[in-house]
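What follows is one structure encoded as structure tokens, with my remarks underneath.
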Amino acid sequence: MKYIFDLHKTMLDNHLILVYEGEFTQEITKSVLAMAERNMDSSGEESTTKRKVFNVMVECLQNIVKHADDVKNNHSAIFMVGKQENEYIIVSGNPIQKDSVDDLTERLDHINSLDKDGLKNLYKDIIKNTEISDKGGAGLGFVDMARKSGNPLEYEFVEIDGTSSFFCLRSSIARG
Amino acid sequence: MEILNLEGTEDTPKIILDKGNGIFEISGRSLPEDSAEFYQPVLDWISAYANDTNPSTEFVFKLEYFNTASSKLILDVLSALEDIDGTTIMWYFHEDDEDMEEAGEEFSELVEIPFEFKTY
């Protein structure tokens, strides 16, 4: 049972206040949000910071829900929130089709290359010109995460097998 | 005309569209799983209202939070209101919520309707 202690210690060492691993649905999203909100409320977090963290969490979680069926027989994803002295860290990892890697890389690099006004213009451009996809997305999630967090979106792809990769995404939000 | 009245939940906003009493309001949190489906009754109601409008329409948005999928649908709602003469958007934001204020400003740049900004 040593792994219990190890996991506990890993969480403490990395200042993780919330870790969820498993299937992601709208119901799970609401529960995870409620837990994180309660944690921030009880620690008296500043309302601006709280709103930004909530915002980034929603986009991150709903992204995972929307793409949960992208890889057959592998719906298990991970979501974590870390609270450090100066910032909140929101991390997710989910399986995706390997052939989405190039497209995601291109979109994320483009977003990360833009400043505040560039992101604002990209947001307005997308909202004017795109329709809601059959997955219910507006294609605005990453742009919004970058805008609200005020920081680049760090990412990495870990190969799972010949057809799928694990998409790791990390946002950080300065504490007020 | 029938009143559209939806109670707010933890992931959907409260909505009142009441022509008789001149109340048009969307408030609370908007992060539904399927935003297009959720806002369809609102868009349907507005297109019916467009055939027989009040002399003026003060449409209130008092949102605490909305996700990006909802923002697309909010723009659709605003675009539908664009065709209704005498419409004013009352955009409420919490006094320390700059992001919500900015979101309202961005919407106001995307449609041709007068916006009034108010804090709560």
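Letters A, B, ... go to the chains of the structure tokens in the order shown; residues in each chain start at 1; ligands are counted from 1 in the same order.
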
Per residue of chain B within 9 Å of chain A, note the shortest atom pair and the distance in Å to one decimal, counting only C-alpha atoms, and order the rows by chain and increasing residue number, as a Markdown table.
| residue | atom | partner | partner_atom | distance |
| --- | --- | --- | --- | --- |
| B:Glu10 | CA | A:Lys30 | CA | 7.8 |
| B:Asp11 | CA | A:Lys30 | CA | 7.6 |
| B:Leu31 | CA | A:Val58 | CA | 7.9 |
| B:Pro32 | CA | A:Gln26 | CA | 8.2 |
| B:Glu33 | CA | A:Gln26 | CA | 6.1 |
| B:Asp34 | CA | A:Gly136 | CA | 5.9 |
| B:Ser35 | CA | A:Gly136 | CA | 7.0 |
| B:Ala36 | CA | A:Gly136 | CA | 7.3 |
| B:Tyr65 | CA | A:Asn55 | CA | 7.8 |
| B:Phe66 | CA | A:Asn55 | CA | 8.2 |
| B:Asn67 | CA | A:Glu59 | CA | 6.9 |
| B:Thr68 | CA | A:Leu140 | CA | 5.8 |
| B:Ala69 | CA | A:Ala138 | CA | 5.1 |
| B:Ser70 | CA | A:Ala138 | CA | 8.5 |
| B:Ser71 | CA | A:Ile127 | CA | 7.9 |
| B:Lys72 | CA | A:Ile127 | CA | 5.9 |
| B:Leu73 | CA | A:Ile132 | CA | 8.6 |
| B:Leu75 | CA | A:Ile127 | CA | 7.9 |
| B:Asp96 | CA | A:Thr48 | CA | 7.2 |
| B:Asp97 | CA | A:Thr48 | CA | 6.7 |
| B:Glu98 | CA | A:Thr48 | CA | 8.5 |
| B:Asp99 | CA | A:Lys148 | CA | 7.9 |
| B:Glu106 | CA | A:Lys124 | CA | 7.5 |
| B:Phe107 | CA | A:Lys124 | CA | 8.7 |
| B:Leu110 | CA | A:Lys128 | CA | 7.8 |

Item to check | In chain A, DSSP alpha helix (DSSP H) residues written as a PyMOL selection string | outcome: chain A and resi 2-13+26-42+47-66+101-112+116-129+141-149

Item to check | Shell around Ala68 (chain A) at 9 Å using only C-alpha atoms, local window under 2 positions removed, as a ChimeraX atom specification | outcome: /A:23-25,63-66,70-71,74-77,94-96

Checklist entry - Which neighbours of Lys19 (chain B) fall inside 8 Å, counting only C-alpha atoms, when residues of the same chain fewer than 4 positions from it are skipped, and could you give them as number ranges by chain? => result B: 1, 3, 23-24, 49, 53-54
